[in-house]
Amino acid sequence: MSATAELNRRLPGGRYIGGVLQRIGLDGRGLVIAIPTIWLLLFFLIPFLVVAKISLSEAAIARPPYLPIWEWSDGFLNINLNFGNYLFLLDDPLYVAAYIESVRIAAISTVVTLLIGYPMAYLIARSSPDRRNILLMLVVLPFWTSFLLRVYAWIGFLKANGIINNFLISLGILNEPLVMLQTDFAVYVGIVYTYLPFMILPLYANLVKLDEAYLEASADLGARPATTFFTITLPLSANGIIAGCMLVFIPAVGEFVIPALLGGPDTLMIGRVLWDEFFSNRDWPIASAVAIVMLFVLVIPIMLLRKVQAVDEGAS
Amino acid sequence: MSEGNATPDAEPRADPWADPHAVPFLQVRNVTKKFGAFVAVDNVSLDIYKGEIFCLLGGSGCGKSTLLRLLSGFETASSGQIIIDGQDQEGVPPFARKTNMMFQSYALFPHMSVEKNIAYGLKRDGLPKAEIAARVSDMLSLVQMDQFASRKPHQLSGGQRQRVALARSLVKKPKLLMLDEPLGALDKKLREETQFELIKIQESLGVTFVVVTHDQEEAMTLSSRIGVMTEGRIVQVGTPHEIYEYPQSRFVADFIGSVNMFEGRITEDHEDHVLIGSRDTQTDIFVPHGISGVVGQQVAVAVRPEKVQISKSQLHDMRNTFTGKIDEIAYMGNSSVFQVLLDSGKRVRVSQSNRMRSNEDTLKWGDRVHVGWHDDAGIVVSS
């Protein structure tokens, strides 16, 4: 029985709704897909179009602080598209530098997260089932505390008279405190710490499915454990690596809170630039242009991920 | 191996295990493997000779796979010694062992083509590219998979995967190949074909095979000798013929093929025969050869269904004859299996091959019949 027929039977007046749905070509499967589609249209596409529109308008001291891009006067529709905002982004080296810096920080953080997360995910996947659940719990546990609180806690660790410096000085390893807070280092620490679970979980999900027989077959054919890792385990977990890296890299590029709280004045990340344009300069059109460009910087890796996943699904 | 010595100086004996001077290729000495309190392999000793196909046969959980994993180094024995080709294998990791294994799941690397799967072991040995290519293509033609060299495992059928797995495990020319349920994943028809192919390949390469299987038919057709396992122990080792015709225990008699068991006690012990009294029969059972046992000892007489004769008339040439009536008939085409309810209440399974297309003396359901067997058909098992 199709879902619409089911609807017809169950709901009083459902016959009418079902009929309408059928007429517009929606069956049960379509209905299920329609809900997230509508959700994305409402909360992603429409805001995106609004932002795109603002990015093409001209800044003004007004409320809202930009001029409309179309005007109706004397029977004429005047459309004024201002590409100046985008040109301005190219003009001022600050923006290009911020994009490059954001991608660089996100990329390095992603690599570090992968290097820390992979062994952790591997060990969790290879441990006994009951211990596995406890370890997974521990990975997810930080989410129970507010993200902001956890980043603030790092300030306590990293500051001049913070826990780490005090500890090292009390041991006599240091004479004067290391400057860690308000440096790029602190930003890396914050990003790696925050996004580690997003790396571990997809890697774990992938590695736990890895059949031990492959590793045994490899050993049986004369491969040492390290060779087995690089020729069998690593290639077979490629999808987990890609998924984990995307989950870390994409939000890290646009990260605002971590560089704002832990980074120094010269930590240039696009999230902070965006914030400054929007709230300090109140230049909405420039801020919107920054956001649109950032979106495209991020869309490329997402497309990459989608493509790899499609290839993988075709294979298995 | 295949090169150079196509014509060996002397044909090796077909039964090296019967030669007291032969040195076993694989020696398992008092090997025990415990997982916590569970004893998976219990004090097993075993000698396997060069060129054999040795089957470890047993039900699931009998320890046969664990024993195989001990031989290949994936598990370490709790105690005991494993010697392969004169070398103690203790502390030798799997990757350093000169043995190979064909896995039950085949474990073909899913991200590599057939060719790369087969070449994997050779690459690990750092052989020159040209030699690897030559040996891979030799193997591909041996298992008739030449056209599939560039396919990925998921593009192959079950039978093709089995061939690739075999090729991959043979390409390094191991002296000892272990096969874990090699035909388990194949359907019946394919399994029968593959059995004979496996024997042919084994003979042409001269590799010693140790095969783990739960399928007694497979063990009977494949092997030179069978080791029957239960509860971690090897209960009997012998040729398929010995295992079937001379089971040494109730378990073996019951596990291999079907059997009629007559429980009883030794009532008379004579020079040339013993009599066994059983509530399952009206008269004592006559067993000709002396058995080691005392009068009054609890034993069982095992008789295979195909060794029991059935007739409407008296069976004059037999000492062990009993009467009953036919309770059930199963027609199997080449043979018929009768369930005869003896007057004592014991059910006896009788199998008779259907040599004639039709028989005017056909036995029917409910017929009163005589069943009996020749003196030497019964095997006395005590344990």
# chains A, B, ... in the order shown; residues from 1 in each chain; ligands from 1
call {"tool": "residues_around", "arguments": {"residues": "stretch 179-191 of chain B", "least_positions_apart": "4", "cutoff": "7 Å", "atoms": "only C-alpha atoms", "output": "ChimeraX atom specification"}}
result
/B:101-104,158-159,195,210-213
call {"tool": "interface_residues", "arguments": {"of": "chain A", "to": "chain B", "cutoff": "7 Å", "atoms": "only C-alpha atoms", "output": "list in words"}}
result
Ala213, Tyr214, Ala217, Ala219, Asp220, Leu221, Gly222, Ala223, Arg224 and Leu236 of chain A
call {"tool": "atom_distance", "arguments": {"atom1": "atom CA of B:Lys173", "atom2": "atom CA of B:Ala18"}}
result
26.8 Å
call {"tool": "residues_around", "arguments": {"residues": "A:Ile79", "least_positions_apart": "5", "cutoff": "8 Å", "atoms": "only C-alpha atoms", "output": "ChimeraX atom specification"}}
result
/A:69-71
call {"tool": "closest_residue", "arguments": {"among": "A:Leu41, A:Gln309, A:Asp283, A:Ala291", "to": "A:Pro65", "atoms": "only C-alpha atoms"}}
result
A:Asp283
call {"tool": "residues_around", "arguments": {"residues": "stretch 49-59 of chain B", "least_positions_apart": "5", "cutoff": "7 Å", "atoms": "only C-alpha atoms", "output": "PyMOL selection string"}}
result
chain B and resi 16-17+24-26+64+206-214+216+219+222-230
call {"tool": "select_by_dssp", "arguments": {"residues": "stretch 155-238 of chain A", "states": "alpha helix (DSSP H)", "output": "PyMOL selection string"}}
result
chain A and resi 155-158+163-170+184-207+212-220+225-228+234-236+238
call {"tool": "write_last_selection", "arguments": {"atoms": "N, CA and C atoms", "output": "compact mmCIF listing (two decimals), in the first residue's frame"}}
result
# COMPACT_ATOMS: atom_id res chain seq x y z
N ILE A 155 41.82 28.75 28.31
CA ILE A 155 42.50 29.99 28.71
C ILE A 155 43.18 29.77 30.04
N GLY A 156 42.46 29.10 30.96
CA GLY A 156 43.02 28.78 32.26
C GLY A 156 44.28 27.93 32.17
N PHE A 157 44.32 27.07 31.18
CA PHE A 157 45.50 26.22 31.01
C PHE A 157 46.67 26.99 30.42
N LEU A 158 46.35 27.84 29.41
CA LEU A 158 47.41 28.38 28.56
C LEU A 158 47.96 29.74 29.01
N ILE A 163 47.67 26.95 34.41
CA ILE A 163 48.05 25.65 34.98
C ILE A 163 49.35 25.12 34.39
N ILE A 164 49.46 25.17 33.06
CA ILE A 164 50.64 24.58 32.41
C ILE A 164 51.90 25.32 32.81
N ASN A 165 51.87 26.66 32.70
CA ASN A 165 53.06 27.45 33.05
C ASN A 165 53.44 27.27 34.52
N ASN A 166 52.44 27.34 35.41
CA ASN A 166 52.73 27.17 36.84
C ASN A 166 53.36 25.82 37.13
N PHE A 167 52.86 24.81 36.45
CA PHE A 167 53.37 23.46 36.66
C PHE A 167 54.83 23.36 36.22
N LEU A 168 55.09 23.89 35.01
CA LEU A 168 56.46 23.80 34.48
C LEU A 168 57.43 24.64 35.32
N ILE A 169 56.96 25.79 35.80
CA ILE A 169 57.84 26.63 36.62
C ILE A 169 58.11 25.95 37.96
N SER A 170 57.06 25.33 38.53
CA SER A 170 57.25 24.67 39.83
C SER A 170 58.21 23.49 39.72
N ASP A 184 49.00 31.73 17.58
CA ASP A 184 48.42 30.73 16.67
C ASP A 184 48.42 29.36 17.31
N PHE A 185 49.45 29.12 18.14
CA PHE A 185 49.54 27.83 18.82
C PHE A 185 48.27 27.54 19.61
N ALA A 186 47.80 28.56 20.36
CA ALA A 186 46.59 28.38 21.17
C ALA A 186 45.39 28.08 20.28
N VAL A 187 45.35 28.72 19.09
CA VAL A 187 44.25 28.46 18.16
C VAL A 187 44.28 27.01 17.69
N TYR A 188 45.48 26.53 17.35
CA TYR A 188 45.62 25.12 16.94
C TYR A 188 45.15 24.19 18.06
N VAL A 189 45.61 24.47 19.28
CA VAL A 189 45.22 23.64 20.41
C VAL A 189 43.69 23.61 20.54
N GLY A 190 43.09 24.79 20.45
CA GLY A 190 41.64 24.89 20.60
C GLY A 190 40.90 24.12 19.53
N ILE A 191 41.33 24.30 18.27
CA ILE A 191 40.62 23.63 17.16
C ILE A 191 40.80 22.12 17.26
N VAL A 192 42.04 21.69 17.49
CA VAL A 192 42.30 20.24 17.55
C VAL A 192 41.50 19.62 18.69
N TYR A 193 41.53 20.29 19.86
CA TYR A 193 40.79 19.78 21.01
C TYR A 193 39.30 19.69 20.70
N THR A 194 38.74 20.77 20.15
CA THR A 194 37.29 20.84 19.94
C THR A 194 36.81 19.83 18.90
N TYR A 195 37.59 19.69 17.82
CA TYR A 195 37.09 18.89 16.70
C TYR A 195 37.55 17.44 16.72
N LEU A 196 38.36 17.07 17.71
CA LEU A 196 38.87 15.69 17.75
C LEU A 196 37.76 14.63 17.69
N PRO A 197 36.66 14.80 18.45
CA PRO A 197 35.60 13.78 18.36
C PRO A 197 35.02 13.64 16.95
N PHE A 198 34.98 14.74 16.20
CA PHE A 198 34.43 14.69 14.84
C PHE A 198 35.36 13.91 13.91
N MET A 199 36.62 13.82 14.28
CA MET A 199 37.56 13.01 13.51
C MET A 199 37.47 11.55 13.95
N ILE A 200 37.40 11.36 15.27
CA ILE A 200 37.46 9.99 15.80
C ILE A 200 36.22 9.18 15.40
N LEU A 201 35.04 9.81 15.51
CA LEU A 201 33.82 9.02 15.31
C LEU A 201 33.69 8.42 13.91
N PRO A 202 33.84 9.21 12.83
CA PRO A 202 33.76 8.56 11.51
C PRO A 202 34.90 7.57 11.26
N LEU A 203 36.08 7.86 11.79
CA LEU A 203 37.19 6.92 11.62
C LEU A 203 36.89 5.62 12.35
N TYR A 204 36.35 5.76 13.56
CA TYR A 204 35.99 4.57 14.33
C TYR A 204 34.96 3.73 13.58
N ALA A 205 33.91 4.43 13.10
CA ALA A 205 32.84 3.72 12.40
C ALA A 205 33.39 2.95 11.21
N ASN A 206 34.42 3.50 10.58
CA ASN A 206 35.03 2.83 9.44
C ASN A 206 35.93 1.67 9.89
N LEU A 207 36.78 1.95 10.87
CA LEU A 207 37.78 0.94 11.28
C LEU A 207 37.16 -0.25 11.98
N GLU A 212 39.20 -8.37 10.41
CA GLU A 212 40.52 -8.77 10.89
C GLU A 212 41.18 -9.77 9.95
N ALA A 213 40.35 -10.51 9.20
CA ALA A 213 40.90 -11.52 8.29
C ALA A 213 41.82 -10.87 7.24
N TYR A 214 41.53 -9.62 6.84
CA TYR A 214 42.41 -8.94 5.87
C TYR A 214 43.80 -8.76 6.46
N LEU A 215 43.84 -8.37 7.73
CA LEU A 215 45.12 -8.13 8.38
C LEU A 215 45.87 -9.44 8.54
N GLU A 216 45.13 -10.49 8.88
CA GLU A 216 45.76 -11.79 9.04
C GLU A 216 46.25 -12.31 7.70
N ALA A 217 45.43 -12.11 6.66
CA ALA A 217 45.84 -12.56 5.32
C ALA A 217 47.11 -11.83 4.90
N SER A 218 47.18 -10.54 5.21
CA SER A 218 48.36 -9.77 4.86
C SER A 218 49.59 -10.29 5.59
N ALA A 219 49.44 -10.55 6.89
CA ALA A 219 50.56 -11.10 7.67
C ALA A 219 50.95 -12.47 7.14
N ASP A 220 49.95 -13.26 6.79
CA ASP A 220 50.20 -14.60 6.30
C ASP A 220 51.01 -14.57 5.00
N PRO A 225 53.72 -5.87 10.36
CA PRO A 225 52.59 -5.04 10.79
C PRO A 225 52.58 -3.65 10.16
N ALA A 226 53.74 -2.99 10.07
CA ALA A 226 53.78 -1.63 9.49
C ALA A 226 53.37 -1.66 8.02
N THR A 227 53.85 -2.66 7.28
CA THR A 227 53.49 -2.78 5.86
C THR A 227 51.99 -3.03 5.73
N THR A 228 51.46 -3.91 6.58
CA THR A 228 50.03 -4.19 6.56
C THR A 228 49.24 -2.91 6.79
N LEU A 234 45.22 1.41 5.95
CA LEU A 234 45.08 2.81 5.55
C LEU A 234 44.22 2.98 4.29
N PRO A 235 44.49 2.23 3.20
CA PRO A 235 43.64 2.40 2.02
C PRO A 235 42.19 2.03 2.29
N LEU A 236 41.97 0.99 3.13
CA LEU A 236 40.59 0.57 3.37
C LEU A 236 39.85 1.56 4.27
N ALA A 238 40.18 4.86 3.90
CA ALA A 238 40.24 6.15 3.20
C ALA A 238 38.95 6.94 3.35
call {"tool": "atom_distance", "arguments": {"atom1": "atom CA of B:Asp376", "atom2": "atom CA of B:Pro305"}}
result
13.9 Å
call {"tool": "residues_around", "arguments": {"residues": "B:Val340", "least_positions_apart": "3", "cutoff": "9 Å", "atoms": "only C-alpha atoms", "output": "mmCIF file with C-alpha atoms, in the first residue's frame"}}
result
data_model
loop_
_atom_site.group_PDB
_atom_site.id
_atom_site.type_symbol
_atom_site.label_atom_id
_atom_site.label_comp_id
_atom_site.auth_asym_id
_atom_site.auth_seq_id
_atom_site.Cartn_x
_atom_site.Cartn_y
_atom_site.Cartn_z
ATOM 1 C CA THR B 323 13.049 -60.126 12.696
ATOM 2 C CA GLY B 324 10.893 -57.073 12.538
ATOM 3 C CA LYS B 325 8.587 -55.121 10.298
ATOM 4 C CA ILE B 326 9.194 -52.267 7.917
ATOM 5 C CA ASP B 327 8.177 -49.012 9.530
ATOM 6 C CA GLU B 328 9.297 -46.510 6.942
ATOM 7 C CA ILE B 329 10.807 -46.443 3.468
ATOM 8 C CA LYS B 346 14.774 -51.214 18.413
ATOM 9 C CA ARG B 347 14.746 -49.309 15.153
ATOM 10 C CA VAL B 348 17.314 -50.352 12.556
ATOM 11 C CA ARG B 349 18.323 -48.368 9.501
ATOM 12 C CA VAL B 350 18.963 -50.474 6.426
ATOM 13 C CA VAL B 369 11.201 -58.975 7.280
ATOM 14 C CA VAL B 371 17.436 -58.291 8.840
#
call {"tool": "residues_around", "arguments": {"residues": "stretch 83-92 of chain A", "least_positions_apart": "5", "cutoff": "12 Å", "atoms": "only C-alpha atoms", "output": "compact mmCIF listing (two decimals) with C-alpha atoms, in the first residue's frame"}}
result
# COMPACT_ATOMS: atom_id res chain seq x y z
CA ALA A 52 23.68 37.06 -1.69
CA LYS A 53 21.32 39.96 -2.33
CA ILE A 54 22.87 42.09 0.39
CA SER A 55 26.34 41.35 -0.93
CA LEU A 56 25.33 42.96 -4.21
CA SER A 57 23.94 46.14 -2.66
CA GLU A 58 25.57 49.37 -1.60
CA ALA A 59 26.34 50.25 2.00
CA TYR A 66 22.28 49.10 2.73
CA ILE A 69 19.09 46.60 -5.24
CA ALA A 97 45.27 37.05 3.56
CA ALA A 98 42.45 36.11 5.95
CA TYR A 99 41.11 33.47 3.54
CA ILE A 270 37.88 34.87 8.13
CA VAL A 273 36.91 39.41 9.80
CA LEU A 274 33.28 38.65 9.14
CA GLU A 277 32.70 43.83 9.26
CA ASP A 283 29.16 47.19 6.58
CA TRP A 284 26.61 44.51 5.78
CA PRO A 285 27.29 44.32 2.04
CA ILE A 286 31.03 43.68 2.56
CA ALA A 287 30.30 41.18 5.36
CA SER A 288 27.85 39.38 3.09
CA ALA A 289 30.37 39.26 0.26
CA VAL A 290 32.92 37.79 2.68
CA ALA A 291 30.39 35.13 3.70
CA ILE A 292 29.49 34.24 0.11
CA VAL A 293 33.13 33.84 -0.89
CA MET A 294 33.76 31.73 2.20
call {"tool": "atom_distance", "arguments": {"atom1": "atom CA of A:Met120", "atom2": "atom CA of A:Arg132"}}
result
11.1 Å
call {"tool": "select_by_dssp", "arguments": {"residues": "stretch 181-275 of chain B", "states": "strand (DSSP E)", "output": "MDAnalysis selection string"}}
result
chainID B and resid 208:213 225:230 233:238 260:269 274:275
call {"tool": "decode", "arguments": {"residues": "stretch 254-267 of chain A", "atoms": "N, CA and C atoms", "output": "compact mmCIF listing (two decimals), in the first residue's frame"}}
result
# COMPACT_ATOMS: atom_id res chain seq x y z
N GLY A 254 35.71 28.38 9.01
CA GLY A 254 34.87 29.50 9.39
C GLY A 254 34.84 29.75 10.89
N GLU A 255 35.72 29.06 11.63
CA GLU A 255 35.70 29.15 13.09
C GLU A 255 35.88 30.59 13.56
N PHE A 256 35.01 31.02 14.48
CA PHE A 256 35.12 32.37 15.02
C PHE A 256 35.49 32.38 16.50
N VAL A 257 34.82 31.52 17.28
CA VAL A 257 34.97 31.59 18.73
C VAL A 257 36.40 31.28 19.17
N ILE A 258 36.97 30.23 18.61
CA ILE A 258 38.30 29.80 19.07
C ILE A 258 39.36 30.86 18.79
N PRO A 259 39.47 31.38 17.53
CA PRO A 259 40.47 32.44 17.32
C PRO A 259 40.15 33.70 18.13
N ALA A 260 38.86 33.98 18.37
CA ALA A 260 38.52 35.18 19.13
C ALA A 260 38.96 35.05 20.59
N LEU A 261 38.79 33.86 21.15
CA LEU A 261 39.11 33.69 22.57
C LEU A 261 40.57 33.34 22.81
N LEU A 262 41.13 32.49 21.96
CA LEU A 262 42.47 31.99 22.22
C LEU A 262 43.53 32.66 21.36
N GLY A 263 43.12 33.20 20.19
CA GLY A 263 44.09 33.77 19.25
C GLY A 263 44.53 35.16 19.66
N GLY A 264 45.65 35.60 19.07
CA GLY A 264 46.16 36.95 19.34
C GLY A 264 45.58 37.95 18.37
N PRO A 265 45.97 39.19 18.51
CA PRO A 265 45.45 40.22 17.60
C PRO A 265 45.86 39.96 16.15
N ASP A 266 46.97 39.26 15.95
CA ASP A 266 47.40 39.04 14.57
C ASP A 266 46.95 37.69 14.02
N THR A 267 46.14 36.96 14.78
CA THR A 267 45.57 35.74 14.22
C THR A 267 44.42 36.14 13.31
